[in-house]
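Raw contents of target12.txt, compact mmCIF, C-alpha atoms:
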# COMPACT_ATOMS: atom_id res chain seq x y z
CA PHE A 1216 34.92 71.82 96.13
CA THR A 1217 31.90 73.73 97.41
CA LEU A 1218 28.76 72.96 95.35
CA LYS A 1219 25.62 75.10 95.26
CA VAL A 1220 22.15 74.74 93.81
CA GLY A 1221 20.97 78.31 93.70
CA SER A 1222 22.17 79.70 97.03
CA THR A 1223 21.94 76.34 98.85
CA VAL A 1224 25.18 74.53 99.60
CA VAL A 1225 24.91 70.81 98.80
CA THR A 1226 27.14 67.81 99.40
CA SER A 1227 28.50 65.85 96.46
CA GLY A 1228 26.68 62.52 96.10
CA THR A 1229 24.00 63.35 98.67
CA PRO A 1230 20.38 63.79 97.38
CA THR A 1231 18.78 67.15 98.22
CA GLN A 1232 15.15 68.11 97.64
CA PHE A 1233 14.19 71.21 95.65
CA ASN A 1234 11.01 72.67 94.21
CA GLN A 1235 10.20 72.07 90.57
CA GLY A 1236 11.60 74.59 88.12
CA THR A 1237 14.96 75.57 86.75
CA HIS A 1238 17.85 75.69 89.19
CA LYS A 1239 21.30 77.09 88.58
CA ILE A 1240 24.26 75.04 89.73
CA SER A 1241 27.65 76.46 90.66
CA GLU A 1242 30.85 75.55 92.43
CA ILE A 1243 33.72 77.38 94.07
CA GLN A 1244 36.80 76.53 92.06
CA LEU A 1245 39.95 75.35 93.76
CA PRO A 1246 43.30 76.74 92.56
CA GLY A 1247 44.93 74.54 89.96
CA TYR A 1248 41.72 72.96 88.65
CA ALA A 1249 39.64 73.78 85.59
CA LEU A 1250 36.03 72.86 84.79
CA SER A 1251 36.41 70.21 82.11
CA GLY A 1252 32.84 69.03 81.60
CA ILE A 1253 29.31 68.36 82.83
CA SER A 1254 27.10 65.34 82.33
CA GLY A 1255 23.84 63.81 83.49
CA ASP A 1256 20.68 65.93 83.76
CA CYS A 1257 22.35 69.36 83.77
CA GLU A 1258 23.43 71.52 80.85
CA PHE A 1259 24.67 74.99 80.09
CA ASP A 1260 21.91 77.58 79.64
CA ASP A 1261 21.93 80.57 77.28
CA ASP A 1262 24.09 82.50 79.75
CA ASP A 1263 26.66 79.68 79.83
CA VAL A 1264 25.61 78.79 83.39
CA ILE A 1265 25.09 75.19 84.52
CA ALA A 1266 21.37 74.56 85.14
CA VAL A 1267 18.95 71.69 85.73
CA MET A 1268 15.20 71.59 85.06
CA LEU A 1269 13.14 69.75 87.70
CA THR A 1270 9.55 68.55 87.42
CA LEU A 1271 7.43 66.81 90.06
CA SER A 1272 8.91 63.50 91.30
CA ASP A 1273 12.15 64.01 89.31
CA ASN A 1274 15.37 62.40 90.50
CA ALA A 1275 18.01 64.40 88.66
CA THR A 1276 21.75 63.78 88.77
CA CYS A 1277 24.33 66.28 87.62
CA THR A 1278 28.03 65.46 87.39
CA ILE A 1279 30.58 68.28 87.25
CA THR A 1280 34.10 67.24 86.26
CA ASN A 1281 37.20 69.21 87.19
CA THR A 1282 40.67 68.40 85.87
CA ALA A 1283 43.95 69.37 87.47
CA ILE A 1284 45.89 71.86 85.32
CA GLN A 1285 49.37 70.56 84.56
CA PRO A 1286 52.18 72.75 85.91
CA LYS A 1287 54.25 74.41 83.20
CA LEU A 1288 57.84 75.59 83.22
CA ILE A 1289 59.02 78.02 80.53
CA ILE A 1290 62.79 77.70 80.06
CA LYS A 1291 64.55 80.54 78.26
CA LYS A 1292 68.13 80.31 77.06
CA HIS A 1293 70.01 83.62 76.86
CA VAL A 1294 73.55 83.95 75.49
CA ILE A 1295 75.67 87.10 75.89
CA ASN A 1296 78.55 87.48 73.42
CA ASP A 1297 80.26 90.72 74.45
CA ASN A 1298 83.80 89.35 74.42
CA GLY A 1299 83.95 87.80 70.97
CA GLY A 1300 82.05 84.59 71.73
CA GLU A 1301 80.03 83.01 68.93
CA ASN A 1302 77.71 80.54 70.68
CA GLU A 1303 73.96 80.69 70.16
CA ALA A 1304 71.06 79.50 72.31
CA ALA A 1305 70.56 76.37 70.21
CA ASP A 1306 74.17 75.29 70.86
CA TYR A 1307 73.22 74.39 74.43
CA THR A 1308 71.42 71.27 75.63
CA LEU A 1309 69.09 71.93 78.56
CA THR A 1310 68.04 69.33 81.11
CA VAL A 1311 65.15 69.23 83.57
CA ARG A 1312 64.54 66.95 86.53
CA GLU A 1313 61.09 66.60 88.05
CA ASN A 1314 60.89 64.82 91.39
CA SER A 1315 64.47 63.60 90.75
CA VAL A 1316 63.51 62.03 87.39
CA LEU A 1317 65.31 63.30 84.28
CA VAL A 1318 62.96 64.34 81.48
CA PRO A 1319 64.07 64.35 77.80
CA SER A 1320 66.65 67.08 77.09
CA PHE A 1321 66.19 69.75 74.43
CA ALA A 1322 68.05 72.54 72.64
CA GLY A 1323 68.03 76.04 74.10
CA ASP A 1324 65.77 78.74 72.69
CA GLU A 1325 65.92 82.48 73.41
CA SER A 1326 62.12 82.77 73.22
CA GLY A 1327 61.66 79.85 75.59
CA THR A 1328 60.62 76.19 75.61
CA THR A 1329 57.54 75.13 77.60
CA VAL A 1330 57.86 71.88 79.55
CA GLY A 1331 54.90 70.21 81.25
CA LEU A 1332 55.74 68.91 84.72
CA ASN A 1333 54.15 66.95 87.51
CA GLU A 1334 53.49 68.69 90.79
CA GLY A 1335 56.50 68.61 93.10
CA SER A 1336 60.18 69.49 92.97
CA TYR A 1337 62.16 70.34 89.83
CA SER A 1338 65.53 71.67 88.73
CA VAL A 1339 67.02 72.96 85.47
CA ASP A 1340 70.61 72.66 84.24
CA GLU A 1341 72.57 72.39 81.01
CA LEU A 1342 75.49 70.56 79.48
CA SER A 1343 78.59 72.72 79.98
CA HIS A 1344 80.32 74.82 77.34
CA ASP A 1345 83.91 76.00 77.79
CA GLY A 1346 84.51 79.72 77.71
CA TYR A 1347 81.12 80.75 79.12
CA ALA A 1348 79.95 81.53 82.66
CA LYS A 1349 76.51 80.20 83.61
CA THR A 1350 73.87 81.80 85.81
CA LEU A 1351 70.41 80.46 86.66
CA SER A 1352 67.42 82.62 87.59
CA ASP A 1353 65.45 82.07 90.80
CA ASP A 1354 62.76 79.83 89.27
CA CYS A 1355 65.25 77.39 87.76
CA SER A 1356 64.75 75.14 90.79
CA GLY A 1357 62.20 74.68 93.54
CA THR A 1358 58.68 73.29 93.74
CA ILE A 1359 55.72 73.77 91.44
CA ALA A 1360 52.02 73.16 92.07
CA ILE A 1361 49.14 72.27 89.76
CA GLY A 1362 47.96 75.29 87.78
CA GLU A 1363 51.25 77.15 88.18
CA THR A 1364 53.42 78.49 85.37
CA LYS A 1365 56.99 79.50 86.17
CA THR A 1366 59.80 80.89 84.02
CA CYS A 1367 63.46 79.90 84.30
CA THR A 1368 66.19 81.78 82.43
CA VAL A 1369 69.59 80.16 81.90
CA THR A 1370 72.16 82.79 80.93
CA ASN A 1371 75.64 82.19 79.54
CA ASN A 1372 78.13 85.05 79.23
CA ASP A 1373 81.31 84.61 77.24
CA ILE A 1374 84.43 84.94 79.38
CA ALA A 1375 86.94 87.44 78.04
CA PRO A 1376 90.31 85.95 77.07
CA GLN A 1377 93.29 87.63 78.67
CA ILE A 1378 96.64 88.83 77.37
CA THR A 1379 99.68 89.10 79.60
CA LEU A 1380 102.72 90.96 78.28
CA ARG A 1381 105.96 90.80 80.23
CA LYS A 1382 109.24 92.64 79.63
CA GLN A 1383 112.59 91.11 80.43
CA VAL A 1384 115.76 93.26 80.30
CA ILE A 1385 119.31 91.88 80.31
CA ASN A 1386 121.98 94.36 81.41
CA ASP A 1387 125.19 92.35 80.91
CA ASN A 1388 127.07 95.15 79.15
CA GLY A 1389 126.63 98.02 81.60
CA GLY A 1390 123.09 99.04 80.69
CA ALA A 1391 120.86 100.47 83.44
CA ALA A 1392 117.35 100.45 81.92
CA THR A 1393 114.59 98.54 83.67
CA ALA A 1394 111.50 96.79 82.39
CA GLN A 1395 109.25 99.73 83.22
CA ASP A 1396 111.18 101.92 80.73
CA TRP A 1397 109.45 100.08 77.88
CA THR A 1398 105.85 100.35 76.74
CA LEU A 1399 104.35 97.10 75.53
CA THR A 1400 101.40 97.18 73.11
CA ALA A 1401 98.94 94.69 71.63
CA THR A 1402 97.15 96.21 68.62
CA PRO A 1403 94.09 94.46 67.11
CA GLU A 1404 94.53 93.98 63.37
CA ASP A 1405 90.89 94.74 62.53
CA GLY A 1406 91.01 98.12 64.30
CA ALA A 1407 87.55 97.50 65.77
CA GLN A 1408 88.75 96.60 69.26
CA ALA A 1409 90.68 98.57 71.85
CA THR A 1410 94.48 98.65 71.79
CA LEU A 1411 96.04 97.15 74.91
CA SER A 1412 99.06 98.97 76.25
CA GLY A 1413 101.13 99.37 79.42
CA ASN A 1414 104.68 99.64 80.70
CA GLY A 1415 106.87 96.64 81.16
CA ASP A 1416 107.05 96.61 84.91
CA ASN A 1417 105.90 93.05 85.71
CA GLY A 1418 103.91 93.13 82.48
CA PHE A 1419 100.18 93.62 82.84
CA VAL A 1420 98.31 90.55 83.97
CA ASN A 1421 94.63 89.75 83.36
CA LYS A 1422 94.22 92.33 80.62
CA ASP A 1423 90.91 91.52 78.93
CA ALA A 1424 91.08 90.94 75.19
CA VAL A 1425 88.46 89.91 72.62
CA ALA A 1426 88.12 86.36 71.35
CA HIS A 1427 88.74 85.56 67.67
CA THR A 1428 90.83 88.73 67.31
CA THR A 1429 94.43 88.81 66.02
CA TYR A 1430 96.73 91.17 67.89
CA THR A 1431 100.07 92.56 66.69
CA LEU A 1432 102.60 92.88 69.51
CA SER A 1433 105.09 95.73 69.67
CA GLU A 1434 107.21 97.75 72.11
CA SER A 1435 108.91 101.10 72.42
CA GLY A 1436 111.69 102.06 74.80
CA PRO A 1437 115.29 103.16 75.30
CA SER A 1438 117.88 103.00 72.53
CA GLY A 1439 120.98 100.92 72.89
CA TYR A 1440 119.15 97.66 73.35
CA ALA A 1441 118.56 94.90 70.80
CA ALA A 1442 115.17 93.23 70.87
CA ASP A 1443 115.15 89.46 70.99
CA LYS A 1444 112.30 87.40 69.61
CA TRP A 1445 108.88 87.38 71.30
CA SER A 1446 107.96 84.20 73.12
CA CYS A 1447 104.20 83.57 73.14
CA TYR A 1448 102.24 80.71 74.67
CA SER A 1449 98.70 79.91 75.70
CA THR A 1450 97.55 78.64 79.09
CA ALA A 1451 94.08 77.62 77.86

Could you render the structure as structure tokens?
Amino acid sequence: FTLKVGSTVVTSGTPTQFNQGTHKISEIQLPGYALSGISGDCEFDDDDVIAVMLTLSDNATCTITNTAIQPKLIIKKHVINDNGGENEAADYTLTVRENSVLVPSFAGDESGTTVGLNEGSYSVDELSHDGYAKTLSDDCSGTIAIGETKTCTVTNNDIAPQITLRKQVINDNGGAATAQDWTLTATPEDGAQATLSGNGDNGFVNKDAVAHTTYTLSESGPSGYAADKWSCYSTA
């Protein structure tokens, strides 16, 4: 820290002579530190400036105290439910490590949770949730210095479930139709989601659906064929 009495630079702890009268005291602040108090023979004047009053033969001592500002990390939890997911920010447990030490975990919050850290390295993570893809913003790991405030956003996006419809045709009585002659359809019962449809050639794989939605399955195609029962299974 650079200390001044008036315009004269002085050294901390070293006596310096001045004329009698009122002298203003100042310092050049270092990043990450805040003035936290003064004591001894100095006080704040009417202009909120540190000053000391000297008379003949005075030996005045002024102590200026600066405190390091604790680094802060604001952790925001953002959940995207555009494929029928129902999770909320508070459903997730977030974890923070500072200098490789795990700090107490906490529930996610869309508006953010402020965590005080020590200077050094840090990283943010969360306990996993099936059905959601996780992304971390740039400031979710790295180093932080005194006086700094950084913001980390942990985003989870629900992964769309998928429907695969396949058509199998048996021509053991002279029939010539192929799977692609049929149109296979999955219709959502609530009518709020899109109908999924395509021909039967190899089915259609990786067709995005919407979670928590009931679909009615149907087909249309050539006459002269008897439909067998549908066989449905989940690979989740």

Next on the checklist: Would you pick out the contacts of Gly1436 (chain A) at 7 Å or less, using all atoms listed in the file, so that residues sharing its chain but fewer than 4 positions from it are not included, and give the list as a list in words?
Outcome noted: Asp1396, Trp1397 and Thr1398 of chain A

Would you give me, as a tab-separated table, each residue of region 1347-1386 of chain A having an atom within 8 Å of an atom of region 1242-1247 of chain A, along with its shortest atom pair and that distance in Å to one decimal, using only C-alpha atoms and sorting by chain and residue number?
residue	atom	partner	partner_atom	distance
A:Ala1360	CA	A:Gly1247	CA	7.5
A:Ile1361	CA	A:Gly1247	CA	4.8
A:Gly1362	CA	A:Gly1247	CA	3.8
A:Glu1363	CA	A:Gly1247	CA	7.1

Just the selected residues (C-alpha atoms), exported as a compact mmCIF listing (two decimals), in the coordinates of the input, please.
# COMPACT_ATOMS: atom_id res chain seq x y z
CA ALA A 1360 52.02 73.16 92.07
CA ILE A 1361 49.14 72.27 89.76
CA GLY A 1362 47.96 75.29 87.78
CA GLU A 1363 51.25 77.15 88.18

Next on the checklist: Quick check, in Å to one decimal: how far apart do CA of Tyr1307 (chain A) and CA of Ser1338 (chain A) lie?
Outcome noted: 16.5 Å

Item to check | Residues within 10 Å of His1427 (chain A), all atoms listed in the file, excluding chain neighbours under 2 positions, as number ranges by chain | outcome: A: 1298-1301, 1376, 1424-1425, 1429-1430

Using the selection just defined, write its residues with C-alpha atoms as a PDB file, in the coordinates of the input.
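Saved the output as again_14.pdb:
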ATOM      1  CA  ASN A1298      83.800  89.350  74.420  1.00  0.00           C
ATOM      2  CA  GLY A1299      83.950  87.800  70.970  1.00  0.00           C
ATOM      3  CA  GLY A1300      82.050  84.590  71.730  1.00  0.00           C
ATOM      4  CA  GLU A1301      80.030  83.010  68.930  1.00  0.00           C
ATOM      5  CA  PRO A1376      90.310  85.950  77.070  1.00  0.00           C
ATOM      6  CA  ALA A1424      91.080  90.940  75.190  1.00  0.00           C
ATOM      7  CA  VAL A1425      88.460  89.910  72.620  1.00  0.00           C
ATOM      8  CA  THR A1429      94.430  88.810  66.020  1.00  0.00           C
ATOM      9  CA  TYR A1430      96.730  91.170  67.890  1.00  0.00           C
TER      10      TYR A1430
END

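For the point (65.9, 81.3, 82.5), the residues with an atom at a distance of at most 7 Å are Ile1290, Lys1291, Lys1292, Leu1351, Ser1352, Cys1355, Thr1366, Cys1367, Thr1368, Val1369 and Thr1370 of chain A, counting all atoms listed in the file.
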
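Closest approach to Thr1223 (chain A) among A:Thr1393, A:Thr1270, A:Thr1358, A:Ser1241 is made by A:Ser1241 (distances from only C-alpha atoms).
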
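Closest to Gly1413 (chain A) among A:Pro1437, A:Ser1272, A:Leu1380, A:Asp1443 is A:Leu1380, based on all atoms listed in the file.
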
Once N, CA and C atoms are restored for region 1321-1355 of chain A, what would the output be as a short mmCIF file (atom, residue, chain, number, x, y, z; two decimals), in the frame of the given file?
data_model
loop_
_atom_site.label_atom_id
_atom_site.label_comp_id
_atom_site.auth_asym_id
_atom_site.auth_seq_id
_atom_site.Cartn_x
_atom_site.Cartn_y
_atom_site.Cartn_z
N PHE A 1321 66.59 69.00 75.62
CA PHE A 1321 66.19 69.75 74.43
C PHE A 1321 67.16 70.90 74.22
N ALA A 1322 67.17 71.43 72.99
CA ALA A 1322 68.05 72.54 72.64
C ALA A 1322 67.51 73.85 73.19
N GLY A 1323 68.43 74.75 73.56
CA GLY A 1323 68.03 76.04 74.10
C GLY A 1323 67.35 76.91 73.07
N ASP A 1324 66.51 77.82 73.55
CA ASP A 1324 65.77 78.74 72.69
C ASP A 1324 65.62 80.07 73.44
N GLU A 1325 66.01 81.16 72.77
CA GLU A 1325 65.92 82.48 73.41
C GLU A 1325 64.48 82.84 73.78
N SER A 1326 63.52 82.44 72.95
CA SER A 1326 62.12 82.77 73.22
C SER A 1326 61.50 81.86 74.26
N GLY A 1327 62.14 80.73 74.53
CA GLY A 1327 61.66 79.85 75.59
C GLY A 1327 61.06 78.55 75.08
N THR A 1328 61.21 77.51 75.87
CA THR A 1328 60.62 76.19 75.61
C THR A 1328 59.73 75.83 76.80
N THR A 1329 58.48 75.48 76.54
CA THR A 1329 57.54 75.13 77.60
C THR A 1329 57.58 73.63 77.87
N VAL A 1330 57.79 73.29 79.13
CA VAL A 1330 57.86 71.88 79.55
C VAL A 1330 56.75 71.62 80.56
N GLY A 1331 55.94 70.61 80.31
CA GLY A 1331 54.90 70.21 81.25
C GLY A 1331 55.49 69.33 82.34
N LEU A 1332 55.18 69.64 83.60
CA LEU A 1332 55.74 68.91 84.72
C LEU A 1332 54.64 68.30 85.58
N ASN A 1333 55.03 67.40 86.45
CA ASN A 1333 54.15 66.95 87.51
C ASN A 1333 54.35 67.83 88.73
N GLU A 1334 53.36 67.90 89.57
CA GLU A 1334 53.49 68.69 90.79
C GLU A 1334 54.62 68.13 91.64
N GLY A 1335 55.40 69.03 92.23
CA GLY A 1335 56.50 68.61 93.10
C GLY A 1335 57.76 69.41 92.85
N SER A 1336 58.90 68.80 93.10
CA SER A 1336 60.18 69.49 92.97
C SER A 1336 60.71 69.38 91.54
N TYR A 1337 61.55 70.35 91.16
CA TYR A 1337 62.16 70.34 89.83
C TYR A 1337 63.46 71.12 89.88
N SER A 1338 64.30 70.90 88.88
CA SER A 1338 65.53 71.67 88.73
C SER A 1338 65.93 71.69 87.26
N VAL A 1339 66.59 72.76 86.86
CA VAL A 1339 67.02 72.96 85.47
C VAL A 1339 68.54 73.09 85.44
N ASP A 1340 69.17 72.51 84.43
CA ASP A 1340 70.61 72.66 84.24
C ASP A 1340 70.90 72.54 82.75
N GLU A 1341 72.18 72.51 82.41
CA GLU A 1341 72.57 72.39 81.01
C GLU A 1341 73.89 71.67 80.92
N LEU A 1342 74.18 71.12 79.73
CA LEU A 1342 75.49 70.56 79.48
C LEU A 1342 76.47 71.71 79.32
N SER A 1343 77.65 71.59 79.91
CA SER A 1343 78.59 72.72 79.98
C SER A 1343 79.20 73.06 78.63
N HIS A 1344 79.60 74.33 78.51
CA HIS A 1344 80.32 74.82 77.34
C HIS A 1344 81.52 75.62 77.84
N ASP A 1345 82.72 75.26 77.38
CA ASP A 1345 83.91 76.00 77.79
C ASP A 1345 83.84 77.44 77.31
N GLY A 1346 84.40 78.33 78.12
CA GLY A 1346 84.51 79.72 77.71
C GLY A 1346 83.31 80.57 78.07
N TYR A 1347 82.32 80.00 78.76
CA TYR A 1347 81.12 80.75 79.12
C TYR A 1347 80.81 80.54 80.60
N ALA A 1348 80.39 81.61 81.27
CA ALA A 1348 79.95 81.53 82.66
C ALA A 1348 78.43 81.39 82.69
N LYS A 1349 77.94 80.51 83.55
CA LYS A 1349 76.51 80.20 83.61
C LYS A 1349 75.87 80.80 84.85
N THR A 1350 74.68 81.37 84.68
CA THR A 1350 73.87 81.80 85.81
C THR A 1350 72.43 81.31 85.59
N LEU A 1351 71.78 80.95 86.69
CA LEU A 1351 70.41 80.46 86.66
C LEU A 1351 69.51 81.42 87.43
N SER A 1352 68.35 81.75 86.89
CA SER A 1352 67.42 82.62 87.59
C SER A 1352 66.75 81.88 88.74
N ASP A 1353 66.02 82.63 89.58
CA ASP A 1353 65.45 82.07 90.80
C ASP A 1353 64.56 80.85 90.54
N ASP A 1354 63.74 80.91 89.50
CA ASP A 1354 62.76 79.83 89.27
C ASP A 1354 63.32 78.67 88.46
N CYS A 1355 64.65 78.54 88.44
CA CYS A 1355 65.25 77.39 87.76
C CYS A 1355 65.32 76.15 88.66
#
